[in-house]
$ cat query-v7.txt   # compact mmCIF, C-alpha atoms
# COMPACT_ATOMS: atom_id res chain seq x y z
CA MET A 1 9.07 -12.29 10.95
CA VAL A 2 9.94 -9.51 8.49
CA THR A 3 6.80 -8.03 6.95
CA SER A 4 8.34 -5.80 4.26
CA LYS A 5 11.48 -3.90 3.37
CA GLU A 6 10.16 -0.74 5.01
CA THR A 7 9.35 -2.46 8.31
CA ARG A 8 12.34 -4.79 8.62
CA ALA A 9 13.78 -2.48 11.31
CA ALA A 10 10.79 -3.43 13.45
CA ILE A 11 10.31 -7.08 14.40
CA ILE A 12 6.82 -8.22 15.29
CA ALA A 13 7.40 -10.39 18.32
CA LEU A 14 4.02 -11.21 19.78
CA HIS A 15 0.29 -11.41 18.93
CA GLN A 16 -1.16 -13.06 22.00
CA ASN A 17 -2.44 -12.66 25.57
CA GLY A 18 -4.31 -9.42 24.84
CA LEU A 19 -1.17 -7.56 23.72
CA ASP A 20 -1.61 -6.12 20.25
CA ILE A 21 1.91 -5.72 18.88
CA THR A 22 5.41 -5.69 20.30
CA PHE A 23 8.11 -3.91 18.28
CA PHE A 24 11.87 -4.15 18.65
CA ARG A 25 13.81 -1.10 17.41
CA ASN A 26 17.42 -0.12 17.82
CA GLY A 27 18.05 -2.44 20.74
CA HIS A 28 15.11 -1.14 22.80
CA LEU A 29 11.88 -3.04 23.35
CA SER A 30 8.74 -1.08 24.23
CA LEU A 31 5.29 -2.46 24.93
CA SER A 32 1.98 -0.68 24.62
CA SER A 33 -1.79 -1.30 24.46
CA GLY A 34 -3.83 -4.03 26.02
CA PHE A 35 -3.74 -5.67 29.45
CA SER A 36 -3.10 -9.23 30.49
CA ALA A 37 -2.34 -11.25 33.59
CA GLU A 38 0.82 -12.49 31.87
CA ILE A 39 2.48 -11.09 28.76
CA SER A 40 5.26 -12.88 26.91
CA VAL A 41 8.15 -10.69 25.78
CA PHE A 42 11.31 -11.49 23.81
CA VAL A 43 14.39 -9.30 24.11
CA GLN A 44 17.78 -9.59 22.43
CA THR A 45 20.82 -10.43 24.53
CA GLY A 46 22.57 -7.22 25.60
CA ALA A 47 19.58 -4.98 24.78
CA SER A 48 17.11 -3.15 27.05
CA VAL A 49 13.43 -3.80 27.70
CA GLN A 50 10.80 -1.40 29.03
CA LEU A 51 7.97 -2.97 31.03
CA ASP A 52 4.85 -0.81 31.37
CA ILE A 53 2.03 -1.26 33.88
CA GLN A 54 -0.49 -1.47 31.02
CA THR A 55 -3.25 0.51 32.76
CA GLN A 56 -4.08 4.16 33.40
CA GLU A 57 -6.26 3.46 36.46
CA LEU A 58 -4.25 2.06 39.32
CA PRO A 59 -6.00 1.21 42.61
CA GLU A 60 -5.01 3.28 45.63
CA PHE A 61 -1.76 1.97 47.07
CA ASP A 62 0.81 2.70 49.73
CA ASP A 63 3.69 1.35 47.68
CA LEU A 64 4.28 -0.17 44.28
CA SER A 65 6.96 -2.80 43.68
CA TRP A 66 8.49 -4.58 40.73
CA LYS A 67 9.64 -8.12 41.50
CA LYS A 68 11.34 -10.89 39.60
CA ASP A 69 9.98 -14.41 40.03
CA ILE A 70 7.71 -13.11 42.84
CA SER A 71 10.40 -13.16 45.55
CA GLU A 72 13.28 -11.06 44.17
CA ASN A 73 12.81 -7.32 44.79
CA ILE A 74 13.89 -4.93 42.05
CA VAL A 75 12.44 -1.57 43.06
CA LYS A 76 9.91 -0.24 45.60
CA TYR A 77 8.05 3.07 45.18
CA ILE A 78 6.53 4.74 48.28
CA SER A 79 3.38 6.70 47.44
CA GLU A 80 3.56 9.06 50.43
CA SER A 81 7.11 10.25 49.81
CA LYS A 82 6.95 9.77 46.05
CA LYS A 83 10.40 8.22 46.16
CA GLU A 84 11.66 4.87 45.01
CA LYS A 85 14.30 2.54 46.38
CA LEU A 86 16.19 0.40 43.88
CA HIS A 87 17.61 -2.87 45.14
CA SER A 88 21.41 -2.77 45.25
CA SER A 89 21.79 -5.71 42.85
CA TYR A 90 19.86 -3.72 40.20
CA LYS A 91 21.62 -0.39 40.75
CA ASP A 92 23.26 -0.30 37.32
CA ARG A 93 20.86 -2.69 35.64
CA ALA A 94 17.44 -1.03 35.97
CA ASP A 95 15.68 2.36 35.76
CA PHE A 96 12.30 3.17 37.32
CA ASN A 97 10.00 5.94 36.06
CA ASN A 98 8.09 7.39 39.02
CA LYS A 99 5.59 9.09 36.69
CA THR A 100 4.51 6.11 34.60
CA PHE A 101 5.75 3.39 37.02
CA SER A 102 7.44 1.61 34.12
CA LEU A 103 10.59 -0.44 34.66
CA THR A 104 13.48 -0.50 32.20
CA LEU A 105 15.93 -3.40 32.45
CA LYS A 106 19.31 -2.87 30.79
CA ASN A 107 21.94 -5.14 29.24
CA MET A 108 19.73 -8.21 29.41
CA GLN A 109 21.48 -11.58 29.70
CA LYS A 110 20.04 -15.06 29.16
CA THR A 111 21.47 -16.56 32.34
CA ASP A 112 20.07 -14.15 34.92
CA ASN A 113 17.42 -11.95 33.30
CA SER A 114 14.90 -14.39 31.82
CA GLY A 115 11.90 -14.98 34.07
CA LEU A 116 8.67 -13.47 35.44
CA TYR A 117 8.52 -9.74 36.20
CA THR A 118 5.52 -8.55 38.20
CA ALA A 119 4.27 -5.09 39.23
CA ILE A 120 2.50 -5.26 42.60
CA ALA A 121 0.48 -2.43 44.18
CA SER A 122 0.19 -2.82 47.97
CA GLY A 123 -2.29 -1.14 50.32
CA GLU A 124 -4.98 -2.83 52.33
CA SER A 125 -4.25 -5.78 50.05
CA ASP A 126 -1.74 -6.72 47.39
CA ASN A 127 -2.79 -6.38 43.73
CA ASN A 128 -0.83 -7.86 40.85
CA ILE A 129 -1.00 -5.14 38.20
CA VAL A 130 0.81 -6.91 35.39
CA THR A 131 3.18 -9.83 34.89
CA TYR A 132 5.67 -10.24 32.05
CA ARG A 133 7.34 -13.48 31.05
CA VAL A 134 10.63 -12.19 29.68
CA SER A 135 12.75 -14.42 27.44
CA VAL A 136 16.24 -13.22 26.57
CA ILE A 137 17.44 -14.71 23.27
CA ASP A 138 20.40 -14.23 20.95
CA ALA A 139 20.22 -12.57 17.56
CA VAL A 140 19.91 -15.04 14.71
CA GLU A 141 22.95 -16.27 12.83
CA ALA A 142 23.35 -15.20 9.21
CA PRO A 143 21.83 -17.64 6.70
CA VAL A 144 23.79 -19.06 3.76
CA LEU A 145 22.35 -19.23 0.25
CA THR A 146 24.36 -21.70 -1.86
CA VAL A 147 24.11 -22.34 -5.59
CA ASN A 148 24.33 -26.08 -6.20
CA SER A 149 24.10 -25.93 -10.00
CA ASN A 150 22.92 -23.65 -12.77
CA TRP A 151 22.51 -24.13 -16.51
CA PHE A 152 21.25 -22.13 -19.45
CA SER A 153 19.34 -23.49 -22.46
CA GLY A 154 17.86 -21.22 -25.06
CA ASN A 155 16.01 -18.48 -23.21
CA PHE A 156 15.60 -20.54 -20.03
CA CYS A 157 17.85 -20.47 -16.98
CA THR A 158 17.66 -22.96 -14.10
CA VAL A 159 19.38 -22.39 -10.76
CA ASN A 160 19.32 -25.07 -8.05
CA PHE A 161 20.15 -23.69 -4.62
CA THR A 162 19.98 -24.31 -0.85
CA CYS A 163 18.89 -21.80 1.80
CA ARG A 164 20.32 -22.85 5.18
CA ALA A 165 20.54 -21.43 8.73
CA HIS A 166 20.76 -22.95 12.21
CA GLU A 167 19.02 -26.34 11.91
CA LEU A 168 16.72 -25.18 9.12
CA MET A 169 17.14 -25.81 5.38
CA ILE A 170 15.21 -25.21 2.16
CA ASP A 171 16.15 -26.75 -1.21
CA SER A 172 14.58 -25.14 -4.26
CA SER A 173 14.99 -24.26 -7.93
CA TYR A 174 14.69 -21.03 -9.87
CA GLN A 175 13.20 -21.83 -13.28
CA ASN A 176 11.77 -19.68 -16.08
CA ASN A 177 12.35 -16.49 -14.04
CA ARG A 178 10.41 -17.69 -10.99
CA CYS A 179 10.36 -20.05 -8.03
CA SER A 180 7.94 -20.84 -5.23
CA PRO A 181 8.35 -18.98 -1.91
CA GLU A 182 8.78 -21.31 1.05
CA ASN A 183 9.28 -21.09 4.81
CA VAL A 184 10.14 -23.47 7.64
CA THR A 185 9.98 -22.88 11.39
CA SER A 186 11.70 -24.45 14.38
CA GLN A 187 10.67 -23.20 17.84
CA ILE A 188 11.18 -19.42 17.56
CA ASN A 189 13.39 -19.41 14.42
CA THR A 190 11.97 -18.99 10.93
CA LEU A 191 13.68 -19.46 7.57
CA ILE A 192 11.99 -17.79 4.59
CA LEU A 193 12.78 -18.18 0.90
CA ASP A 194 11.58 -15.20 -1.16
CA CYS A 195 11.73 -15.25 -4.96
CA SER A 196 9.20 -12.49 -5.61
CA GLU A 197 11.86 -10.02 -6.69
CA GLU A 198 14.93 -10.14 -8.93
CA PRO A 199 17.36 -11.53 -6.31
CA ILE A 200 16.63 -14.76 -4.49
CA ILE A 201 16.47 -13.90 -0.76
CA CYS A 202 17.12 -16.29 2.12
CA ASN A 203 15.86 -14.68 5.36
CA HIS A 204 16.50 -16.03 8.86
CA SER A 205 14.57 -14.41 11.73
CA ASN A 206 13.40 -14.75 15.31
CA PRO A 207 11.27 -12.39 17.43
CA VAL A 208 14.16 -9.95 17.99
CA SER A 209 16.30 -9.98 14.84
CA TRP A 210 16.66 -10.96 11.20
CA LYS A 211 19.48 -11.51 8.70
CA GLU A 212 19.48 -12.43 5.03
CA ASP A 213 21.61 -13.62 2.13
CA LYS A 214 20.95 -12.86 -1.54
CA ILE A 215 21.82 -14.23 -4.97
CA ASN A 216 21.40 -12.20 -8.15
CA THR A 217 19.80 -14.58 -10.65
CA ILE A 218 20.25 -12.24 -13.59
CA GLN A 219 23.99 -12.21 -13.05
CA LEU A 220 24.08 -16.00 -12.79
CA CYS A 221 22.01 -16.56 -15.92
CA PHE A 222 23.69 -13.76 -17.88
CA ASN A 223 27.16 -15.10 -17.11
CA LYS A 224 26.02 -18.61 -18.05
CA GLU A 225 24.57 -17.35 -21.34
CA LYS A 226 27.72 -15.33 -22.02
CA ASN A 227 29.95 -18.34 -21.37
CA SER A 228 27.76 -20.52 -23.59
CA LYS A 229 27.97 -18.02 -26.44
CA SER A 230 31.71 -17.71 -25.90
CA VAL A 231 32.10 -21.49 -26.24
CA GLN A 232 29.98 -21.45 -29.39
CA THR A 233 32.04 -18.57 -30.81
CA ASP A 234 35.29 -20.38 -30.05
CA SER A 235 33.95 -23.52 -31.74
CA SER A 236 32.87 -21.60 -34.83
CA LEU A 237 36.35 -20.06 -35.12
CA LEU A 238 38.12 -23.38 -34.54
CA TRP A 239 36.79 -25.25 -37.57
CA PRO A 240 38.03 -22.77 -40.21
CA VAL A 241 41.48 -22.82 -38.60
CA VAL A 242 41.53 -26.63 -38.62
CA GLY A 243 40.40 -26.64 -42.26
CA LEU A 244 43.08 -24.15 -43.23
CA VAL A 245 45.83 -26.17 -41.54
CA ALA A 246 44.58 -29.36 -43.20
CA ALA A 247 44.59 -27.64 -46.60
CA CYS A 248 48.15 -26.43 -46.09
CA ILE A 249 49.29 -29.91 -45.13
CA LEU A 250 47.54 -31.38 -48.19
CA ILE A 251 49.14 -28.81 -50.52
CA CYS A 252 52.59 -29.43 -49.06
CA LEU A 253 52.16 -33.20 -49.41
CA SER A 254 50.98 -32.82 -53.00
CA VAL A 255 53.99 -30.64 -53.88
CA PHE A 256 56.34 -33.12 -52.23
CA LEU A 257 54.86 -36.08 -54.12
CA TYR A 258 54.92 -34.12 -57.40
CA CYS A 259 58.57 -33.20 -57.01
CA ARG A 260 59.51 -36.74 -56.09
CA CYS A 261 57.61 -38.16 -59.02
CA LYS A 262 59.22 -35.68 -61.44
CA LYS A 263 62.68 -36.49 -60.15
CA GLY A 264 61.99 -40.18 -60.69
CA MET A 265 60.87 -39.59 -64.28
CA SER A 266 64.02 -37.56 -65.09
CA MET A 267 66.20 -40.51 -64.08
CA LEU A 268 64.59 -43.00 -66.55
CA PRO A 269 66.67 -42.01 -69.69
CA HIS A 270 69.86 -42.41 -67.71
CA ILE A 271 68.80 -45.93 -66.69
CA ASP A 272 67.92 -46.84 -70.30
CA SER A 273 71.39 -45.74 -71.55
CA LEU A 274 73.00 -48.16 -69.19
$ encode --input "query-v7.txt" --output "structure tokens"
Amino acid sequence: MVTSKETRAAIIALHQNGLDITFFRNGHLSLSSGFSAEISVFVQTGASVQLDIQTQELPEFDDLSWKKDISENIVKYISESKKEKLHSSYKDRADFNNKTFSLTLKNMQKTDNSGLYTAIASGESDNNIVTYRVSVIDAVEAPVLTVNSNWFSGNFCTVNFTCRAHELMIDSSYQNNRCSPENVTSQINTLILDCSEEPIICNHSNPVSWKEDKINTIQLCFNKEKNSKSVQTDSSLLWPVVGLVAACILICLSVFLYCRCKKGMSMLPHIDSL
């Protein structure tokens, strides 16, 4: 969810399981603070994710491994030699930091990268240091903000519109320079209608991305008012023109009737002489 204009580059993805905040910036996901047996993480398709061990005090160990879904080996670090061995299938897909023991997974894909990732320290016994439940999801689709109708009366402007994205939809109205903010959620997607500022904003977000569409209400209402005044101006100019044309027609008709009547009168003596 986007918290403000200044922090829209950072998407708050999680507030649970002992993890304070997860931020997504510039295609790279980094986790810090807290410790949990299992931490949920969202990462955008095609981006990278850094998984930290979440503790500064590791137990003594002979080797430390990162595994996917418990059985699939990703990397193994040998304490004695201070060297790591990356599994061949992750050669170009993962980086291991032998100082912090963090694992960075690259170019994440939904089909083969979602799952449980566990750091295991092995010595006299095996210790699960941390487990991440990684979910790879797509960026959200752009929302569409559609004006259904708008009308202007006096000093009041009303705009009826629809904010739509994915399977989510909000119908609302902008009246008297304001409307009520609304939001709807479906699984991990959220649609937010924000009318607190001059443009109406339709925001679609998930834990890794956000997109928005805007409508400038001032432009809509101003254009409507301008058109209304233009119609009124045209109407006010039309009546004098109609009146003038009618007057001309009346004058011409009067002249015609006068001439005809005069001609008829001039013919009367000639009729009498016959």
$ closest_residue --input "query-v7.txt" --among "A:Asp95, A:Ile129, A:Thr217, A:Ser79" --to "A:Gln50" --atoms "all atoms listed in the file"
A:Asp95
$ closest_residue --input "query-v7.txt" --among "A:Val130, A:Ile201, A:Asn107, A:Leu250" --to "A:Ser65" --atoms "all atoms listed in the file"
A:Val130
$ closest_residue --input "query-v7.txt" --among "A:Cys252, A:Val208, A:Leu58, A:Ala246" --to "A:Asp138" --atoms "only C-alpha atoms"
A:Val208
$ atom_distance --input "query-v7.txt" --atom1 "atom CA of A:Val140" --atom2 "atom CA of A:Pro207"
9.4 Å
$ atom_distance --input "query-v7.txt" --atom1 "atom CA of A:Asn160" --atom2 "atom CA of A:Thr185"
21.7 Å
$ closest_residue --input "query-v7.txt" --among "A:Ser125, A:Asp69, A:Leu257, A:Ile53" --to "A:Thr100" --atoms "all atoms listed in the file"
A:Ile53
$ closest_residue --input "query-v7.txt" --among "A:His166, A:Lys85, A:Lys110, A:Arg178" --to "A:Asn206" --atoms "all atoms listed in the file"
A:His166
$ closest_residue --input "query-v7.txt" --among "A:Gln54, A:Asn216, A:Ser89, A:Ser196" --to "A:Leu103" --atoms "all atoms listed in the file"
A:Gln54
$ atom_distance --input "query-v7.txt" --atom1 "atom CA of A:Asn73" --atom2 "atom CA of A:Ser48"
18.7 Å
$ axis_aligned_box --input "query-v7.txt" --around "stretch 118-130 of chain A" --padding-each-side "4 Å" --output "JSON"
{"center_x": 0.3, "center_y": -4.8, "center_z": 43.9, "size_x": 18.5, "size_y": 15.4, "size_z": 24.9}
